[in-house]
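First comes the structure, then the notes that go with it.
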There are 2 protein chains.
Amino acid sequence: MSADLRTKMVAGAADLMSRRGLPAASMRDLARHSGTPLGSTYHYFPGGKRQLALEAVRFTDDQVRSRLSRSLEQGPVEGVREFLAVWRQILIDSDFEAGCPVLSVAVTESRAGEAAEAVTAARDAFSHWCGLLSRSLREHGAPADAAQSLALLIVTSVEGSVAICRAEGSARALDLVAHAVERLAGNALRHGEI
Amino acid sequence: MSADLRTKMVAGAADLMSRRGLPAASMRDLARHSGTPLGSTYHYFPGGKRQLALEAVRFTDDQVRSRLSRSLEQGPVEGVREFLAVWRQILIDSDFEAGCPVLSVAVTESRAGEAAEAVTAARDAFSHWCGLLSRSLREHGAPADAAQSLALLIVTSVEGSVAICRAEGSARALDLVAHAVERLAGNALRHGEI
DNA sequence: CCTGTTATATGACGAGTGTTATAACCGTAG
DNA sequence: CTACGGTTATAACACTCGTCATATAACAGG
């Protein structure tokens, strides 16, 4: 039972899904992309593609959550910065070919389709990220409703930026949005409104 | 030469692409979805899927631009409202199965892939929408840099919201973002900063 | 050595892919 | 009526899809 190989498959799946969307990422491509044998895929993931997609979304969720939680200990502005840095790094490292696997699932799969669990996991991931940001903003003085709105605004605008950056082949959009939301977060903490 | 049928195909392609992403929308599905004969697809679109995808993105771009331009005559806040209403209507009418075809292309296709022209058209669409919003904000008193940042923040957050709304099966996210960006637009016009 | 479990390789299944060639349909002009 | 243009239908091309059954390999403990 090699946990490494399994994780490698899940991480590779998340990456490839973020590049092409789930339906266009075939099991053969997913195996090849993560450098793991195709024959092992159904050994580790008896649920097939549905299971692999679900785990890939949850994997991304967990990774982002852990990085976000850690940086939020230094305050909400630092957390926002880290949230942006996560995606910026992925864009740069992939030459703007990869993006957010969670967004990819949300855009390409239906709630009632064959990957419904993955869509639910995507919804949960967005909810987790918003919740973490919102709680931190609240704990640092922002009113509850402003914190919730601002957290959602941050997550949505960053996800949208990542997609636009891919189309542009540049981090310009994400950097502009980064500047704007950091300022908004600062204002919210100082003046209690967005 | 039936222009209606051609347009019907393009509009149907845009809709189906927004639901599943471009690679998962087969030519047979695209024809069936728009109620047009498959045999005619390559007659009207000799460039095949690439051409159909490209025209679908441009079609969406044009539609949004025209609605946005018209409503911006009543001021930037009214324009923002219209921009949000476009996507809200699509979400509701499709029971949160459809979304933005332009985002869909940006997420599922590579700049160097077989639908490179469609990706370029997606980049242009985002740029057009940001440009319209930005210009209107500037013309109504917002400083140039604030107008540009805010316009991008609006487009990105709305695109992100549409995706999240699909995953949630609810317009909650879009409505919250709508409230936030309308307030931001108002502030930018009154105080000259975001 | 043998055994048993886990992991990988291979090939096959029916269905679907984009695309093209070819044949049939259709309304209208001559 | 015939002839012909723009359309549509159909079948086929080589290929890939997700999935599974089966066969082989690798490696543990006795």
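Ordering of the structure tokens sets the chain letters (A, B, ...), residue numbers begin anew at 1 in every chain, and ligands are numbered from 1 in the order given.
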
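Residues lying within 9 Å of DC17 (chain D), counting only C-alpha atoms (C1' of nucleotides) and ignoring same-chain neighbours fewer than 5 positions away, are Ser26 and Met27 of chain A; DA15, DG16 and DT17 of chain C.
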
Could you list, as an NGL selection string, the residues of chain A having an atom within 7 Å of chain B when counting only C-alpha atoms?
:A and (19-21 or 23-24 or 97 or 103-104 or 106-111 or 119-120 or 122-123 or 149 or 153 or 156-157 or 159-161 or 163-164 or 166-168 or 176-177 or 180)

Could you please take those selected residues and save C-alpha atoms as an mmCIF file, in the first residue's frame?
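Output below, filename result00.cif:
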```
data_model
loop_
_atom_site.group_PDB
_atom_site.id
_atom_site.type_symbol
_atom_site.label_atom_id
_atom_site.label_comp_id
_atom_site.auth_asym_id
_atom_site.auth_seq_id
_atom_site.Cartn_x
_atom_site.Cartn_y
_atom_site.Cartn_z
ATOM 1 C CA ARG A 19 -5.680 22.497 -17.259
ATOM 2 C CA ARG A 20 -8.392 20.890 -19.351
ATOM 3 C CA GLY A 21 -11.423 20.399 -17.198
ATOM 4 C CA PRO A 23 -14.291 15.615 -18.953
ATOM 5 C CA ALA A 24 -11.330 16.227 -21.242
ATOM 6 C CA GLU A 97 -1.593 26.448 -18.440
ATOM 7 C CA LEU A 103 -13.138 26.069 -10.415
ATOM 8 C CA SER A 104 -12.559 23.678 -13.274
ATOM 9 C CA ALA A 106 -17.512 23.854 -11.012
ATOM 10 C CA VAL A 107 -17.447 25.032 -14.609
ATOM 11 C CA THR A 108 -17.388 21.717 -16.449
ATOM 12 C CA GLU A 109 -19.555 19.424 -14.372
ATOM 13 C CA SER A 110 -23.231 19.430 -13.596
ATOM 14 C CA ARG A 111 -24.636 19.003 -10.111
ATOM 15 C CA VAL A 119 -19.246 19.281 -7.618
ATOM 16 C CA THR A 120 -20.429 19.054 -4.037
ATOM 17 C CA ALA A 122 -16.133 22.011 -5.013
ATOM 18 C CA ARG A 123 -18.988 23.863 -3.358
ATOM 19 C CA SER A 149 -19.322 39.841 1.721
ATOM 20 C CA LEU A 153 -15.677 38.922 -3.048
ATOM 21 C CA THR A 156 -14.752 34.943 -6.457
ATOM 22 C CA SER A 157 -12.482 37.636 -7.825
ATOM 23 C CA GLU A 159 -10.964 32.541 -9.051
ATOM 24 C CA GLY A 160 -12.083 34.749 -11.900
ATOM 25 C CA SER A 161 -8.649 36.312 -12.112
ATOM 26 C CA ALA A 163 -9.088 32.119 -15.404
ATOM 27 C CA ILE A 164 -8.438 35.474 -17.039
ATOM 28 C CA ARG A 166 -4.736 31.845 -18.223
ATOM 29 C CA ALA A 167 -6.424 33.437 -21.217
ATOM 30 C CA GLU A 168 -4.033 36.386 -21.144
ATOM 31 C CA LEU A 176 -4.325 44.080 -10.048
ATOM 32 C CA VAL A 177 -7.011 42.212 -8.145
ATOM 33 C CA ALA A 180 -7.490 45.939 -4.833
#
```

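Taking CA of Ala188 (chain A) and CA of Leu189 (chain B) as endpoints, the distance between them is 18.5 Å.
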
In Å, rounded to a single decimal, give me how far CA of Asp145 (chain A) is from CA of Gln74 (chain B).
29.3 Å

Chain D residues near chain B (12 Å cut-off, only C-alpha atoms (C1' of nucleotides)) as a PDB file with all heavy atoms, in the first residue's frame:
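Okay, out_14.pdb is ready:
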```
ATOM      1  P    DG D   5     -25.412  24.438 -60.398  1.00  0.00           P
ATOM      2  OP1  DG D   5     -24.756  25.367 -61.327  1.00  0.00           O
ATOM      3  OP2  DG D   5     -24.912  23.053 -60.224  1.00  0.00           O
ATOM      4  O5'  DG D   5     -25.477  25.125 -58.951  1.00  0.00           O
ATOM      5  C5'  DG D   5     -25.981  26.461 -58.830  1.00  0.00           C
ATOM      6  C4'  DG D   5     -26.783  26.590 -57.551  1.00  0.00           C
ATOM      7  O4'  DG D   5     -27.934  25.713 -57.627  1.00  0.00           O
ATOM      8  C3'  DG D   5     -26.012  26.173 -56.281  1.00  0.00           C
ATOM      9  O3'  DG D   5     -25.526  27.344 -55.622  1.00  0.00           O
ATOM     10  C2'  DG D   5     -27.069  25.514 -55.408  1.00  0.00           C
ATOM     11  C1'  DG D   5     -28.174  25.110 -56.372  1.00  0.00           C
ATOM     12  N9   DG D   5     -28.241  23.663 -56.611  1.00  0.00           N
ATOM     13  C8   DG D   5     -27.364  22.889 -57.326  1.00  0.00           C
ATOM     14  N7   DG D   5     -27.720  21.638 -57.367  1.00  0.00           N
ATOM     15  C5   DG D   5     -28.894  21.584 -56.638  1.00  0.00           C
ATOM     16  C6   DG D   5     -29.738  20.491 -56.342  1.00  0.00           C
ATOM     17  O6   DG D   5     -29.624  19.313 -56.669  1.00  0.00           O
ATOM     18  N1   DG D   5     -30.825  20.887 -55.568  1.00  0.00           N
ATOM     19  C2   DG D   5     -31.077  22.163 -55.145  1.00  0.00           C
ATOM     20  N2   DG D   5     -32.171  22.358 -54.405  1.00  0.00           N
ATOM     21  N3   DG D   5     -30.311  23.185 -55.415  1.00  0.00           N
ATOM     22  C4   DG D   5     -29.235  22.833 -56.165  1.00  0.00           C
ATOM     23  P    DG D   6     -24.665  27.165 -54.288  1.00  0.00           P
ATOM     24  OP1  DG D   6     -24.024  28.479 -54.044  1.00  0.00           O
ATOM     25  OP2  DG D   6     -23.838  25.944 -54.446  1.00  0.00           O
ATOM     26  O5'  DG D   6     -25.722  26.895 -53.131  1.00  0.00           O
ATOM     27  C5'  DG D   6     -26.778  27.817 -52.915  1.00  0.00           C
ATOM     28  C4'  DG D   6     -27.802  27.220 -51.970  1.00  0.00           C
ATOM     29  O4'  DG D   6     -28.233  25.940 -52.468  1.00  0.00           O
ATOM     30  C3'  DG D   6     -27.275  26.970 -50.551  1.00  0.00           C
ATOM     31  O3'  DG D   6     -28.308  27.304 -49.635  1.00  0.00           O
ATOM     32  C2'  DG D   6     -26.998  25.467 -50.544  1.00  0.00           C
ATOM     33  C1'  DG D   6     -28.078  24.940 -51.473  1.00  0.00           C
ATOM     34  N9   DG D   6     -27.744  23.688 -52.164  1.00  0.00           N
ATOM     35  C8   DG D   6     -26.653  23.447 -52.945  1.00  0.00           C
ATOM     36  N7   DG D   6     -26.626  22.238 -53.440  1.00  0.00           N
ATOM     37  C5   DG D   6     -27.780  21.649 -52.961  1.00  0.00           C
ATOM     38  C6   DG D   6     -28.299  20.338 -53.161  1.00  0.00           C
ATOM     39  O6   DG D   6     -27.820  19.424 -53.835  1.00  0.00           O
ATOM     40  N1   DG D   6     -29.504  20.157 -52.485  1.00  0.00           N
ATOM     41  C2   DG D   6     -30.127  21.120 -51.720  1.00  0.00           C
ATOM     42  N2   DG D   6     -31.265  20.759 -51.145  1.00  0.00           N
ATOM     43  N3   DG D   6     -29.651  22.330 -51.522  1.00  0.00           N
ATOM     44  C4   DG D   6     -28.491  22.528 -52.170  1.00  0.00           C
ATOM     45  P    DT D   7     -28.087  27.273 -48.089  1.00  0.00           P
ATOM     46  OP1  DT D   7     -28.675  28.430 -47.418  1.00  0.00           O
ATOM     47  OP2  DT D   7     -26.656  26.960 -47.889  1.00  0.00           O
ATOM     48  O5'  DT D   7     -29.011  26.045 -47.717  1.00  0.00           O
ATOM     49  C5'  DT D   7     -28.580  25.141 -46.766  1.00  0.00           C
ATOM     50  C4'  DT D   7     -29.448  23.887 -46.874  1.00  0.00           C
ATOM     51  O4'  DT D   7     -29.042  23.120 -48.028  1.00  0.00           O
ATOM     52  C3'  DT D   7     -29.210  23.009 -45.662  1.00  0.00           C
ATOM     53  O3'  DT D   7     -30.444  22.886 -44.957  1.00  0.00           O
ATOM     54  C2'  DT D   7     -28.705  21.695 -46.219  1.00  0.00           C
ATOM     55  C1'  DT D   7     -29.096  21.759 -47.698  1.00  0.00           C
ATOM     56  N1   DT D   7     -28.178  21.011 -48.582  1.00  0.00           N
ATOM     57  C2   DT D   7     -28.470  19.700 -48.896  1.00  0.00           C
ATOM     58  O2   DT D   7     -29.444  19.112 -48.486  1.00  0.00           O
ATOM     59  N3   DT D   7     -27.554  19.090 -49.733  1.00  0.00           N
ATOM     60  C4   DT D   7     -26.405  19.644 -50.271  1.00  0.00           C
ATOM     61  O4   DT D   7     -25.661  19.005 -51.011  1.00  0.00           O
ATOM     62  C5   DT D   7     -26.163  21.029 -49.884  1.00  0.00           C
ATOM     63  C7   DT D   7     -24.961  21.746 -50.403  1.00  0.00           C
ATOM     64  C6   DT D   7     -27.061  21.637 -49.067  1.00  0.00           C
ATOM     65  P    DT D   8     -30.346  22.443 -43.485  1.00  0.00           P
ATOM     66  OP1  DT D   8     -31.607  22.780 -42.818  1.00  0.00           O
ATOM     67  OP2  DT D   8     -29.066  22.924 -42.979  1.00  0.00           O
ATOM     68  O5'  DT D   8     -30.292  20.852 -43.644  1.00  0.00           O
ATOM     69  C5'  DT D   8     -31.483  20.157 -43.921  1.00  0.00           C
ATOM     70  C4'  DT D   8     -31.157  18.725 -44.272  1.00  0.00           C
ATOM     71  O4'  DT D   8     -30.094  18.683 -45.232  1.00  0.00           O
ATOM     72  C3'  DT D   8     -30.673  17.862 -43.092  1.00  0.00           C
ATOM     73  O3'  DT D   8     -31.616  16.829 -42.904  1.00  0.00           O
ATOM     74  C2'  DT D   8     -29.302  17.344 -43.545  1.00  0.00           C
ATOM     75  C1'  DT D   8     -29.427  17.464 -45.054  1.00  0.00           C
ATOM     76  N1   DT D   8     -28.164  17.516 -45.815  1.00  0.00           N
ATOM     77  C2   DT D   8     -27.836  16.455 -46.630  1.00  0.00           C
ATOM     78  O2   DT D   8     -28.538  15.478 -46.739  1.00  0.00           O
ATOM     79  N3   DT D   8     -26.645  16.594 -47.308  1.00  0.00           N
ATOM     80  C4   DT D   8     -25.786  17.670 -47.261  1.00  0.00           C
ATOM     81  O4   DT D   8     -24.759  17.684 -47.919  1.00  0.00           O
ATOM     82  C5   DT D   8     -26.187  18.751 -46.398  1.00  0.00           C
ATOM     83  C7   DT D   8     -25.334  19.961 -46.268  1.00  0.00           C
ATOM     84  C6   DT D   8     -27.347  18.620 -45.719  1.00  0.00           C
ATOM     85  P    DA D   9     -31.558  15.984 -41.570  1.00  0.00           P
ATOM     86  OP1  DA D   9     -32.916  15.923 -41.017  1.00  0.00           O
ATOM     87  OP2  DA D   9     -30.446  16.445 -40.740  1.00  0.00           O
ATOM     88  O5'  DA D   9     -31.193  14.553 -42.153  1.00  0.00           O
ATOM     89  C5'  DA D   9     -31.669  14.196 -43.429  1.00  0.00           C
ATOM     90  C4'  DA D   9     -31.116  12.840 -43.848  1.00  0.00           C
ATOM     91  O4'  DA D   9     -29.929  13.050 -44.655  1.00  0.00           O
ATOM     92  C3'  DA D   9     -30.697  11.926 -42.698  1.00  0.00           C
ATOM     93  O3'  DA D   9     -31.204  10.626 -42.950  1.00  0.00           O
ATOM     94  C2'  DA D   9     -29.165  11.982 -42.702  1.00  0.00           C
ATOM     95  C1'  DA D   9     -28.845  12.307 -44.159  1.00  0.00           C
ATOM     96  N9   DA D   9     -27.669  13.156 -44.346  1.00  0.00           N
ATOM     97  C8   DA D   9     -27.423  14.364 -43.745  1.00  0.00           C
ATOM     98  N7   DA D   9     -26.297  14.936 -44.121  1.00  0.00           N
ATOM     99  C5   DA D   9     -25.767  14.041 -45.030  1.00  0.00           C
ATOM    100  C6   DA D   9     -24.577  14.067 -45.793  1.00  0.00           C
ATOM    101  N6   DA D   9     -23.691  15.063 -45.743  1.00  0.00           N
ATOM    102  N1   DA D   9     -24.348  13.015 -46.607  1.00  0.00           N
ATOM    103  C2   DA D   9     -25.237  12.019 -46.653  1.00  0.00           C
ATOM    104  N3   DA D   9     -26.387  11.889 -45.991  1.00  0.00           N
ATOM    105  C4   DA D   9     -26.593  12.945 -45.184  1.00  0.00           C
ATOM    106  P    DT D  10     -31.076   9.491 -41.868  1.00  0.00           P
ATOM    107  OP1  DT D  10     -32.242   8.610 -42.029  1.00  0.00           O
ATOM    108  OP2  DT D  10     -30.769  10.104 -40.566  1.00  0.00           O
ATOM    109  O5'  DT D  10     -29.792   8.695 -42.362  1.00  0.00           O
ATOM    110  C5'  DT D  10     -29.624   8.490 -43.773  1.00  0.00           C
ATOM    111  C4'  DT D  10     -28.263   7.863 -44.035  1.00  0.00           C
ATOM    112  O4'  DT D  10     -27.296   8.890 -44.283  1.00  0.00           O
ATOM    113  C3'  DT D  10     -27.710   7.015 -42.879  1.00  0.00           C
ATOM    114  O3'  DT D  10     -27.565   5.692 -43.341  1.00  0.00           O
ATOM    115  C2'  DT D  10     -26.388   7.678 -42.515  1.00  0.00           C
ATOM    116  C1'  DT D  10     -26.052   8.480 -43.761  1.00  0.00           C
ATOM    117  N1   DT D  10     -25.256   9.723 -43.517  1.00  0.00           N
ATOM    118  C2   DT D  10     -24.165   9.987 -44.301  1.00  0.00           C
ATOM    119  O2   DT D  10     -23.812   9.264 -45.203  1.00  0.00           O
ATOM    120  N3   DT D  10     -23.517  11.163 -43.999  1.00  0.00           N
ATOM    121  C4   DT D  10     -23.842  12.050 -42.985  1.00  0.00           C
ATOM    122  O4   DT D  10     -23.182  13.068 -42.813  1.00  0.00           O
ATOM    123  C5   DT D  10     -24.988  11.710 -42.202  1.00  0.00           C
ATOM    124  C7   DT D  10     -25.425  12.614 -41.095  1.00  0.00           C
ATOM    125  C6   DT D  10     -25.640  10.569 -42.499  1.00  0.00           C
ATOM    126  P    DC D  17      -8.163   9.203 -24.590  1.00  0.00           P
ATOM    127  OP1  DC D  17      -7.856  10.489 -23.916  1.00  0.00           O
ATOM    128  OP2  DC D  17      -7.228   8.067 -24.509  1.00  0.00           O
ATOM    129  O5'  DC D  17      -9.606   8.724 -24.112  1.00  0.00           O
ATOM    130  C5'  DC D  17     -10.702   9.608 -24.259  1.00  0.00           C
ATOM    131  C4'  DC D  17     -11.987   8.941 -23.785  1.00  0.00           C
ATOM    132  O4'  DC D  17     -12.437   8.004 -24.786  1.00  0.00           O
ATOM    133  C3'  DC D  17     -11.832   8.128 -22.518  1.00  0.00           C
ATOM    134  O3'  DC D  17     -12.043   8.973 -21.417  1.00  0.00           O
ATOM    135  C2'  DC D  17     -12.967   7.112 -22.669  1.00  0.00           C
ATOM    136  C1'  DC D  17     -13.103   6.933 -24.176  1.00  0.00           C
ATOM    137  N1   DC D  17     -12.505   5.680 -24.737  1.00  0.00           N
ATOM    138  C2   DC D  17     -13.298   4.549 -24.928  1.00  0.00           C
ATOM    139  O2   DC D  17     -14.482   4.597 -24.595  1.00  0.00           O
ATOM    140  N3   DC D  17     -12.736   3.447 -25.464  1.00  0.00           N
ATOM    141  C4   DC D  17     -11.442   3.449 -25.803  1.00  0.00           C
ATOM    142  N4   DC D  17     -10.923   2.352 -26.337  1.00  0.00           N
ATOM    143  C5   DC D  17     -10.620   4.600 -25.612  1.00  0.00           C
ATOM    144  C6   DC D  17     -11.178   5.677 -25.080  1.00  0.00           C
TER     145       DC D  17
END
```

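Take CA of His140 (chain A) and CA of Glu182 (chain B): the distance between them is 24.8 Å.
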
Residues of chain C at most 8 Å from chain A: nearest atom pair and distance in Å, only C-alpha atoms (C1' of nucleotides), as a Markdown table:
```
| residue | atom | partner | partner_atom | distance |
| --- | --- | --- | --- | --- |
| C:DT6 | C1' | A:Met1 | CA | 7.6 |
| C:DA7 | C1' | A:Ser40 | CA | 7.0 |
| C:DT8 | C1' | A:Gly39 | CA | 5.8 |
| C:DA9 | C1' | A:Gly39 | CA | 6.8 |
```

Those same residues, written as a JSON list (two decimals), in the first residue's frame with N, CA and C atoms (P, O5', C5', C4', C3', O3' and C1' of nucleotides)?
```
[["chain", "number", "residue", "atom", "x", "y", "z"],
["C", 6, "DT", "P", -3.60, -7.66, -0.07],
["C", 6, "DT", "O5'", -2.59, -6.71, -0.86],
["C", 6, "DT", "C5'", -1.25, -6.53, -0.39],
["C", 6, "DT", "C4'", -0.38, -6.00, -1.52],
["C", 6, "DT", "C3'", -1.02, -4.88, -2.35],
["C", 6, "DT", "O3'", -0.11, -3.80, -2.47],
["C", 6, "DT", "C1'", -0.19, -6.56, -3.76],
["C", 7, "DA", "P", -0.50, -2.43, -3.18],
["C", 7, "DA", "O5'", 0.16, -2.59, -4.61],
["C", 7, "DA", "C5'", 1.59, -2.61, -4.73],
["C", 7, "DA", "C4'", 1.98, -2.88, -6.17],
["C", 7, "DA", "C3'", 1.46, -1.85, -7.17],
["C", 7, "DA", "O3'", 2.58, -1.32, -7.89],
["C", 7, "DA", "C1'", 1.00, -4.08, -7.90],
["C", 8, "DT", "P", 2.35, -0.08, -8.84],
["C", 8, "DT", "O5'", 2.34, -0.78, -10.27],
["C", 8, "DT", "C5'", 3.53, -1.38, -10.75],
["C", 8, "DT", "C4'", 3.21, -2.29, -11.91],
["C", 8, "DT", "C3'", 2.82, -1.58, -13.20],
["C", 8, "DT", "O3'", 3.84, -1.78, -14.15],
["C", 8, "DT", "C1'", 1.52, -3.53, -12.80],
["C", 9, "DA", "P", 3.79, -1.00, -15.56],
["C", 9, "DA", "O5'", 3.18, -2.12, -16.51],
["C", 9, "DA", "C5'", 3.89, -3.34, -16.67],
["C", 9, "DA", "C4'", 3.10, -4.28, -17.56],
["C", 9, "DA", "C3'", 2.63, -3.66, -18.88],
["C", 9, "DA", "O3'", 3.20, -4.39, -19.95],
["C", 9, "DA", "C1'", 0.85, -4.84, -17.78]]
```

Which of region 1-67 of chain B end up as alpha helix (DSSP H) when DSSP is run on this backbone - answer as number ranges by chain?
B: 3-20, 27-33, 38-44, 48-67
